[in-house]
>>> print(open('input.cif').read())   # mmCIF, N, CA and C atoms
data_final
loop_
_atom_site.group_PDB
_atom_site.id
_atom_site.type_symbol
_atom_site.label_atom_id
_atom_site.label_comp_id
_atom_site.auth_asym_id
_atom_site.auth_seq_id
_atom_site.Cartn_x
_atom_site.Cartn_y
_atom_site.Cartn_z
ATOM 1 N N MET A 7 13.538 29.801 24.373
ATOM 2 C CA MET A 7 13.265 30.004 22.959
ATOM 3 C C MET A 7 13.860 28.881 22.133
ATOM 4 N N GLY A 8 15.114 28.513 22.400
ATOM 5 C CA GLY A 8 15.784 27.460 21.647
ATOM 6 C C GLY A 8 15.120 26.106 21.847
ATOM 7 N N ASN A 9 14.666 25.837 23.064
ATOM 8 C CA ASN A 9 14.017 24.563 23.353
ATOM 9 C C ASN A 9 12.679 24.456 22.629
ATOM 10 N N ALA A 10 11.959 25.566 22.497
ATOM 11 C CA ALA A 10 10.673 25.550 21.798
ATOM 12 C C ALA A 10 10.865 25.258 20.320
ATOM 13 N N VAL A 11 11.951 25.770 19.736
ATOM 14 C CA VAL A 11 12.236 25.518 18.317
ATOM 15 C C VAL A 11 12.547 24.045 18.105
ATOM 16 N N VAL A 12 13.328 23.450 18.982
ATOM 17 C CA VAL A 12 13.661 22.031 18.876
ATOM 18 C C VAL A 12 12.405 21.193 19.014
ATOM 19 N N GLU A 13 11.522 21.560 19.941
ATOM 20 C CA GLU A 13 10.281 20.823 20.127
ATOM 21 C C GLU A 13 9.376 20.944 18.897
ATOM 22 N N LEU A 14 9.336 22.129 18.274
ATOM 23 C CA LEU A 14 8.538 22.340 17.076
ATOM 24 C C LEU A 14 9.066 21.509 15.917
ATOM 25 N N ILE A 15 10.369 21.433 15.766
ATOM 26 C CA ILE A 15 10.967 20.638 14.695
ATOM 27 C C ILE A 15 10.635 19.162 14.902
ATOM 28 N N GLN A 16 10.721 18.689 16.115
ATOM 29 C CA GLN A 16 10.395 17.295 16.382
ATOM 30 C C GLN A 16 8.927 17.006 16.103
ATOM 31 N N MET A 17 8.048 17.927 16.432
ATOM 32 C CA MET A 17 6.623 17.749 16.175
ATOM 33 C C MET A 17 6.362 17.710 14.670
ATOM 34 N N LYS A 18 7.126 18.483 13.909
ATOM 35 C CA LYS A 18 6.985 18.495 12.460
ATOM 36 C C LYS A 18 7.286 17.110 11.896
ATOM 37 N N TYR A 19 8.313 16.467 12.415
ATOM 38 C CA TYR A 19 8.667 15.124 11.944
ATOM 39 C C TYR A 19 7.616 14.093 12.348
ATOM 40 N N VAL A 20 7.041 14.260 13.505
ATOM 41 C CA VAL A 20 5.994 13.342 13.958
ATOM 42 C C VAL A 20 4.762 13.466 13.064
ATOM 43 N N VAL A 21 4.378 14.686 12.766
ATOM 44 C CA VAL A 21 3.212 14.910 11.908
ATOM 45 C C VAL A 21 3.478 14.366 10.505
ATOM 46 N N ALA A 22 4.666 14.618 9.974
ATOM 47 C CA ALA A 22 5.014 14.100 8.646
ATOM 48 C C ALA A 22 4.999 12.580 8.633
ATOM 49 N N SER A 23 5.513 11.981 9.680
ATOM 50 C CA SER A 23 5.529 10.529 9.769
ATOM 51 C C SER A 23 4.115 9.955 9.796
ATOM 52 N N LEU A 24 3.238 10.567 10.559
ATOM 53 C CA LEU A 24 1.842 10.111 10.622
ATOM 54 C C LEU A 24 1.143 10.304 9.279
ATOM 55 N N LEU A 25 1.409 11.415 8.616
ATOM 56 C CA LEU A 25 0.805 11.680 7.317
ATOM 57 C C LEU A 25 1.260 10.655 6.288
ATOM 58 N N TYR A 26 2.562 10.393 6.234
ATOM 59 C CA TYR A 26 3.078 9.414 5.277
ATOM 60 C C TYR A 26 2.605 8.003 5.603
ATOM 61 N N SER A 27 2.461 7.696 6.872
ATOM 62 C CA SER A 27 1.924 6.389 7.250
ATOM 63 C C SER A 27 0.487 6.236 6.771
ATOM 64 N N GLY A 28 -0.296 7.284 6.923
ATOM 65 C CA GLY A 28 -1.679 7.258 6.442
ATOM 66 C C GLY A 28 -1.756 7.092 4.932
ATOM 67 N N ILE A 29 -0.902 7.821 4.216
ATOM 68 C CA ILE A 29 -0.869 7.696 2.755
ATOM 69 C C ILE A 29 -0.462 6.279 2.363
ATOM 70 N N GLY A 30 0.527 5.735 3.049
ATOM 71 C CA GLY A 30 0.974 4.373 2.767
ATOM 72 C C GLY A 30 -0.126 3.351 2.992
ATOM 73 N N LEU A 31 -0.879 3.510 4.069
ATOM 74 C CA LEU A 31 -1.985 2.583 4.345
ATOM 75 C C LEU A 31 -3.071 2.670 3.285
ATOM 76 N N VAL A 32 -3.379 3.874 2.847
ATOM 77 C CA VAL A 32 -4.403 4.043 1.810
ATOM 78 C C VAL A 32 -3.953 3.383 0.514
ATOM 79 N N VAL A 33 -2.708 3.615 0.117
ATOM 80 C CA VAL A 33 -2.183 2.999 -1.106
ATOM 81 C C VAL A 33 -2.183 1.476 -0.965
ATOM 82 N N PHE A 34 -1.837 0.981 0.201
ATOM 83 C CA PHE A 34 -1.805 -0.458 0.453
ATOM 84 C C PHE A 34 -3.207 -1.068 0.328
ATOM 85 N N ILE A 35 -4.198 -0.433 0.911
ATOM 86 C CA ILE A 35 -5.576 -0.930 0.845
ATOM 87 C C ILE A 35 -6.090 -0.886 -0.588
ATOM 88 N N VAL A 36 -5.795 0.187 -1.295
ATOM 89 C CA VAL A 36 -6.218 0.301 -2.688
ATOM 90 C C VAL A 36 -5.588 -0.798 -3.536
ATOM 91 N N SER A 37 -4.326 -1.123 -3.261
ATOM 92 C CA SER A 37 -3.665 -2.179 -4.042
ATOM 93 C C SER A 37 -4.319 -3.538 -3.789
ATOM 94 N N PHE A 38 -4.758 -3.801 -2.570
ATOM 95 C CA PHE A 38 -5.447 -5.057 -2.306
ATOM 96 C C PHE A 38 -6.832 -5.099 -2.939
ATOM 97 N N ILE A 39 -7.511 -3.970 -2.960
ATOM 98 C CA ILE A 39 -8.805 -3.906 -3.637
ATOM 99 C C ILE A 39 -8.605 -4.146 -5.132
ATOM 100 N N LEU A 40 -7.569 -3.564 -5.697
ATOM 101 C CA LEU A 40 -7.258 -3.787 -7.111
ATOM 102 C C LEU A 40 -6.955 -5.248 -7.379
ATOM 103 N N LEU A 41 -6.210 -5.889 -6.497
ATOM 104 C CA LEU A 41 -5.915 -7.313 -6.657
ATOM 105 C C LEU A 41 -7.196 -8.133 -6.652
ATOM 106 N N ASP A 42 -8.103 -7.795 -5.764
ATOM 107 C CA ASP A 42 -9.372 -8.515 -5.682
ATOM 108 C C ASP A 42 -10.210 -8.307 -6.944
ATOM 109 N N LEU A 43 -10.157 -7.110 -7.497
ATOM 110 C CA LEU A 43 -10.898 -6.827 -8.726
ATOM 111 C C LEU A 43 -10.266 -7.493 -9.945
ATOM 112 N N LEU A 44 -8.951 -7.638 -9.948
ATOM 113 C CA LEU A 44 -8.252 -8.234 -11.091
ATOM 114 C C LEU A 44 -8.325 -9.757 -11.104
ATOM 115 N N THR A 45 -8.750 -10.358 -10.009
ATOM 116 C CA THR A 45 -8.882 -11.817 -9.943
ATOM 117 C C THR A 45 -10.335 -12.181 -9.635
ATOM 118 N N PRO A 46 -11.247 -11.969 -10.596
ATOM 119 C CA PRO A 46 -12.671 -12.207 -10.308
ATOM 120 C C PRO A 46 -13.028 -13.683 -10.156
ATOM 121 N N LYS A 47 -12.233 -14.586 -10.727
ATOM 122 C CA LYS A 47 -12.554 -16.010 -10.630
ATOM 123 C C LYS A 47 -12.185 -16.592 -9.266
ATOM 124 N N VAL A 48 -11.308 -15.903 -8.551
ATOM 125 C CA VAL A 48 -10.834 -16.412 -7.264
ATOM 126 C C VAL A 48 -11.313 -15.472 -6.163
ATOM 127 N N SER A 49 -12.060 -16.013 -5.223
ATOM 128 C CA SER A 49 -12.449 -15.240 -4.048
ATOM 129 C C SER A 49 -11.350 -15.424 -2.999
ATOM 130 N N ILE A 50 -10.583 -14.389 -2.795
ATOM 131 C CA ILE A 50 -9.427 -14.489 -1.893
ATOM 132 C C ILE A 50 -9.876 -14.849 -0.479
ATOM 133 N N TRP A 51 -10.919 -14.190 0.009
ATOM 134 C CA TRP A 51 -11.402 -14.462 1.367
ATOM 135 C C TRP A 51 -11.866 -15.912 1.504
ATOM 136 N N LYS A 52 -12.587 -16.405 0.485
ATOM 137 C CA LYS A 52 -13.084 -17.778 0.518
ATOM 138 C C LYS A 52 -11.920 -18.766 0.503
ATOM 139 N N GLU A 53 -10.916 -18.492 -0.317
ATOM 140 C CA GLU A 53 -9.745 -19.374 -0.389
ATOM 141 C C GLU A 53 -8.992 -19.407 0.938
ATOM 142 N N LEU A 54 -8.868 -18.270 1.591
ATOM 143 C CA LEU A 54 -8.115 -18.212 2.846
ATOM 144 C C LEU A 54 -8.888 -18.788 4.025
ATOM 145 N N VAL A 55 -10.131 -18.382 4.170
ATOM 146 C CA VAL A 55 -10.887 -18.732 5.374
ATOM 147 C C VAL A 55 -11.578 -20.077 5.260
ATOM 148 N N GLU A 56 -12.322 -20.277 4.183
ATOM 149 C CA GLU A 56 -13.115 -21.500 4.077
ATOM 150 C C GLU A 56 -12.268 -22.698 3.642
ATOM 151 N N LYS A 57 -11.472 -22.508 2.599
ATOM 152 C CA LYS A 57 -10.675 -23.621 2.080
ATOM 153 C C LYS A 57 -9.315 -23.754 2.755
ATOM 154 N N GLN A 58 -8.900 -22.744 3.498
ATOM 155 C CA GLN A 58 -7.606 -22.698 4.179
ATOM 156 C C GLN A 58 -6.463 -23.039 3.219
ATOM 157 N N ASN A 59 -6.457 -22.355 2.092
ATOM 158 C CA ASN A 59 -5.473 -22.573 1.045
ATOM 159 C C ASN A 59 -4.142 -21.927 1.438
ATOM 160 N N VAL A 60 -3.169 -22.755 1.767
ATOM 161 C CA VAL A 60 -1.868 -22.275 2.224
ATOM 162 C C VAL A 60 -1.115 -21.578 1.096
ATOM 163 N N ALA A 61 -1.256 -22.070 -0.130
ATOM 164 C CA ALA A 61 -0.557 -21.459 -1.260
ATOM 165 C C ALA A 61 -1.020 -20.017 -1.475
ATOM 166 N N VAL A 62 -2.318 -19.785 -1.357
ATOM 167 C CA VAL A 62 -2.838 -18.422 -1.506
ATOM 168 C C VAL A 62 -2.341 -17.546 -0.361
ATOM 169 N N ALA A 63 -2.275 -18.102 0.836
ATOM 170 C CA ALA A 63 -1.785 -17.347 1.986
ATOM 171 C C ALA A 63 -0.319 -16.947 1.799
ATOM 172 N N ILE A 64 0.495 -17.859 1.310
ATOM 173 C CA ILE A 64 1.908 -17.547 1.070
ATOM 174 C C ILE A 64 2.037 -16.501 -0.031
ATOM 175 N N PHE A 65 1.247 -16.646 -1.092
ATOM 176 C CA PHE A 65 1.264 -15.669 -2.176
ATOM 177 C C PHE A 65 0.875 -14.283 -1.675
ATOM 178 N N LEU A 66 -0.193 -14.205 -0.879
ATOM 179 C CA LEU A 66 -0.622 -12.905 -0.354
ATOM 180 C C LEU A 66 0.404 -12.317 0.617
ATOM 181 N N GLY A 67 1.061 -13.167 1.376
ATOM 182 C CA GLY A 67 2.119 -12.685 2.265
ATOM 183 C C GLY A 67 3.271 -12.085 1.484
ATOM 184 N N ALA A 68 3.677 -12.762 0.413
ATOM 185 C CA ALA A 68 4.752 -12.237 -0.426
ATOM 186 C C ALA A 68 4.324 -10.960 -1.128
ATOM 187 N N LEU A 69 3.085 -10.935 -1.597
ATOM 188 C CA LEU A 69 2.558 -9.744 -2.253
ATOM 189 C C LEU A 69 2.490 -8.575 -1.269
ATOM 190 N N THR A 70 2.053 -8.848 -0.063
ATOM 191 C CA THR A 70 1.990 -7.824 0.973
ATOM 192 C C THR A 70 3.368 -7.241 1.248
ATOM 193 N N PHE A 71 4.354 -8.111 1.382
ATOM 194 C CA PHE A 71 5.720 -7.654 1.633
ATOM 195 C C PHE A 71 6.231 -6.812 0.471
ATOM 196 N N GLY A 72 5.958 -7.258 -0.751
ATOM 197 C CA GLY A 72 6.412 -6.514 -1.924
ATOM 198 C C GLY A 72 5.771 -5.150 -2.039
ATOM 199 N N ILE A 73 4.460 -5.085 -1.848
ATOM 200 C CA ILE A 73 3.758 -3.805 -1.931
ATOM 201 C C ILE A 73 4.231 -2.862 -0.827
ATOM 202 N N ALA A 74 4.378 -3.394 0.376
ATOM 203 C CA ALA A 74 4.832 -2.562 1.502
ATOM 204 C C ALA A 74 6.241 -2.035 1.253
ATOM 205 N N THR A 75 7.105 -2.849 0.671
ATOM 206 C CA THR A 75 8.469 -2.401 0.378
ATOM 207 C C THR A 75 8.461 -1.283 -0.665
ATOM 208 N N ILE A 76 7.661 -1.455 -1.697
ATOM 209 C CA ILE A 76 7.565 -0.423 -2.734
ATOM 210 C C ILE A 76 7.023 0.882 -2.167
ATOM 211 N N ILE A 77 5.974 0.797 -1.353
ATOM 212 C CA ILE A 77 5.387 2.009 -0.755
ATOM 213 C C ILE A 77 6.390 2.691 0.158
ATOM 214 N N ALA A 78 7.097 1.905 0.986
ATOM 215 C CA ALA A 78 8.084 2.477 1.903
ATOM 216 C C ALA A 78 9.213 3.164 1.132
ATOM 217 N N SER A 79 9.654 2.534 0.056
ATOM 218 C CA SER A 79 10.718 3.135 -0.747
ATOM 219 C C SER A 79 10.253 4.420 -1.425
ATOM 220 N N ALA A 80 9.016 4.432 -1.901
ATOM 221 C CA ALA A 80 8.489 5.617 -2.549
ATOM 222 C C ALA A 80 8.323 6.772 -1.557
ATOM 223 N N ILE A 81 7.890 6.460 -0.347
ATOM 224 C CA ILE A 81 7.698 7.503 0.662
ATOM 225 C C ILE A 81 9.035 7.996 1.200
ATOM 226 N N HIS A 82 9.943 7.072 1.434
ATOM 227 C CA HIS A 82 11.229 7.437 2.016
ATOM 228 C C HIS A 82 12.090 8.226 1.027
ATOM 229 N N GLY A 83 12.019 7.852 -0.225
ATOM 230 C CA GLY A 83 12.756 8.599 -1.245
ATOM 231 C C GLY A 83 13.928 7.915 -1.701
#
>>> encode(input="input.cif", output="structure tokens")
Amino acid sequence: MGNAVVELIQMKYVVASLLYSGIGLVVFIVSFILLDLLTPKVSIWKELVEKQNVAVAIFLGALTFGIATIIASAIHG
């Protein structure tokens, strides 16, 4: 009986972790879509792939890190 309770508690944390990860990914994707909509003069994909713009790549990397940190902090509490 005691072992089943411990296993149930652990499963609860796994499910919560997966749920919060999914929410974090959705918020992350929405933030990138918003960035793309807010910069209509610049095609991010074209700048990265066709022009191989390193400055845009560094900016997006920093933005990615910042958004991920904010989402993680909001989820973690």
>>> atom_distance(input="input.cif", atom1="atom CA of A:Leu25", atom2="atom CA of A:Ile81")
10.5 Å
>>> atom_distance(input="input.cif", atom1="atom C of A:Ser79", atom2="atom CA of A:Phe34")
13.1 Å
>>> atom_distance(input="input.cif", atom1="atom C of A:Glu53", atom2="atom C of A:Val33")
22.0 Å
>>> select_by_dssp(input="input.cif", residues="stretch 32-77 of chain A", states="alpha helix (DSSP H)", output="ChimeraX atom specification")
/A:32-44,50-51,60-77
>>> resolve_selection(input="input.cif", expression="the PyMOL selection byres (((chain A and resi 37 and name CA) around 12) and name CA)", output="number ranges by chain")
A: 30-36, 38-44, 66, 69-70, 72-74, 76-77
>>> decode(input="input.cif", residues="stretch 59-82 of chain A", atoms="N, CA and C atoms", output="PDB file, in the first residue's frame")
ATOM      1  N   ASN A  59      22.625  35.932 -41.986  1.00  0.00           N
ATOM      2  CA  ASN A  59      22.903  37.100 -41.167  1.00  0.00           C
ATOM      3  C   ASN A  59      23.229  36.668 -39.736  1.00  0.00           C
ATOM      4  N   VAL A  60      24.490  36.787 -39.365  1.00  0.00           N
ATOM      5  CA  VAL A  60      24.954  36.352 -38.051  1.00  0.00           C
ATOM      6  C   VAL A  60      24.375  37.231 -36.948  1.00  0.00           C
ATOM      7  N   ALA A  61      24.224  38.524 -37.212  1.00  0.00           N
ATOM      8  CA  ALA A  61      23.684  39.430 -36.199  1.00  0.00           C
ATOM      9  C   ALA A  61      22.251  39.044 -35.827  1.00  0.00           C
ATOM     10  N   VAL A  62      21.453  38.689 -36.823  1.00  0.00           N
ATOM     11  CA  VAL A  62      20.077  38.264 -36.547  1.00  0.00           C
ATOM     12  C   VAL A  62      20.082  36.950 -35.774  1.00  0.00           C
ATOM     13  N   ALA A  63      20.995  36.057 -36.114  1.00  0.00           N
ATOM     14  CA  ALA A  63      21.093  34.781 -35.410  1.00  0.00           C
ATOM     15  C   ALA A  63      21.461  34.989 -33.938  1.00  0.00           C
ATOM     16  N   ILE A  64      22.399  35.875 -33.673  1.00  0.00           N
ATOM     17  CA  ILE A  64      22.788  36.158 -32.288  1.00  0.00           C
ATOM     18  C   ILE A  64      21.631  36.807 -31.537  1.00  0.00           C
ATOM     19  N   PHE A  65      20.942  37.741 -32.189  1.00  0.00           N
ATOM     20  CA  PHE A  65      19.788  38.386 -31.571  1.00  0.00           C
ATOM     21  C   PHE A  65      18.705  37.369 -31.230  1.00  0.00           C
ATOM     22  N   LEU A  66      18.398  36.473 -32.171  1.00  0.00           N
ATOM     23  CA  LEU A  66      17.371  35.461 -31.911  1.00  0.00           C
ATOM     24  C   LEU A  66      17.804  34.478 -30.821  1.00  0.00           C
ATOM     25  N   GLY A  67      19.081  34.170 -30.770  1.00  0.00           N
ATOM     26  CA  GLY A  67      19.582  33.305 -29.701  1.00  0.00           C
ATOM     27  C   GLY A  67      19.412  33.949 -28.340  1.00  0.00           C
ATOM     28  N   ALA A  68      19.742  35.236 -28.248  1.00  0.00           N
ATOM     29  CA  ALA A  68      19.569  35.951 -26.986  1.00  0.00           C
ATOM     30  C   ALA A  68      18.098  36.079 -26.625  1.00  0.00           C
ATOM     31  N   LEU A  69      17.271  36.348 -27.625  1.00  0.00           N
ATOM     32  CA  LEU A  69      15.834  36.453 -27.398  1.00  0.00           C
ATOM     33  C   LEU A  69      15.265  35.109 -26.940  1.00  0.00           C
ATOM     34  N   THR A  70      15.706  34.042 -27.562  1.00  0.00           N
ATOM     35  CA  THR A  70      15.270  32.704 -27.180  1.00  0.00           C
ATOM     36  C   THR A  70      15.625  32.409 -25.730  1.00  0.00           C
ATOM     37  N   PHE A  71      16.851  32.726 -25.353  1.00  0.00           N
ATOM     38  CA  PHE A  71      17.289  32.497 -23.977  1.00  0.00           C
ATOM     39  C   PHE A  71      16.462  33.325 -23.001  1.00  0.00           C
ATOM     40  N   GLY A  72      16.209  34.582 -23.354  1.00  0.00           N
ATOM     41  CA  GLY A  72      15.424  35.447 -22.477  1.00  0.00           C
ATOM     42  C   GLY A  72      13.999  34.976 -22.307  1.00  0.00           C
ATOM     43  N   ILE A  73      13.351  34.613 -23.405  1.00  0.00           N
ATOM     44  CA  ILE A  73      11.972  34.134 -23.334  1.00  0.00           C
ATOM     45  C   ILE A  73      11.898  32.830 -22.543  1.00  0.00           C
ATOM     46  N   ALA A  74      12.836  31.933 -22.801  1.00  0.00           N
ATOM     47  CA  ALA A  74      12.847  30.647 -22.087  1.00  0.00           C
ATOM     48  C   ALA A  74      13.064  30.859 -20.593  1.00  0.00           C
ATOM     49  N   THR A  75      13.916  31.801 -20.225  1.00  0.00           N
ATOM     50  CA  THR A  75      14.155  32.077 -18.807  1.00  0.00           C
ATOM     51  C   THR A  75      12.895  32.630 -18.141  1.00  0.00           C
ATOM     52  N   ILE A  76      12.232  33.546 -18.818  1.00  0.00           N
ATOM     53  CA  ILE A  76      10.996  34.113 -18.272  1.00  0.00           C
ATOM     54  C   ILE A  76       9.922  33.046 -18.109  1.00  0.00           C
ATOM     55  N   ILE A  77       9.758  32.195 -19.119  1.00  0.00           N
ATOM     56  CA  ILE A  77       8.745  31.127 -19.046  1.00  0.00           C
ATOM     57  C   ILE A  77       9.072  30.161 -17.922  1.00  0.00           C
ATOM     58  N   ALA A  78      10.351  29.772 -17.801  1.00  0.00           N
ATOM     59  CA  ALA A  78      10.756  28.840 -16.749  1.00  0.00           C
ATOM     60  C   ALA A  78      10.511  29.440 -15.363  1.00  0.00           C
ATOM     61  N   SER A  79      10.820  30.718 -15.217  1.00  0.00           N
ATOM     62  CA  SER A  79      10.596  31.371 -13.927  1.00  0.00           C
ATOM     63  C   SER A  79       9.111  31.469 -13.597  1.00  0.00           C
ATOM     64  N   ALA A  80       8.291  31.750 -14.601  1.00  0.00           N
ATOM     65  CA  ALA A  80       6.862  31.850 -14.377  1.00  0.00           C
ATOM     66  C   ALA A  80       6.257  30.492 -14.011  1.00  0.00           C
ATOM     67  N   ILE A  81       6.731  29.436 -14.650  1.00  0.00           N
ATOM     68  CA  ILE A  81       6.204  28.099 -14.365  1.00  0.00           C
ATOM     69  C   ILE A  81       6.707  27.590 -13.020  1.00  0.00           C
ATOM     70  N   HIS A  82       7.973  27.824 -12.747  1.00  0.00           N
ATOM     71  CA  HIS A  82       8.565  27.314 -11.516  1.00  0.00           C
ATOM     72  C   HIS A  82       8.022  28.045 -10.286  1.00  0.00           C
TER      73      HIS A  82
END
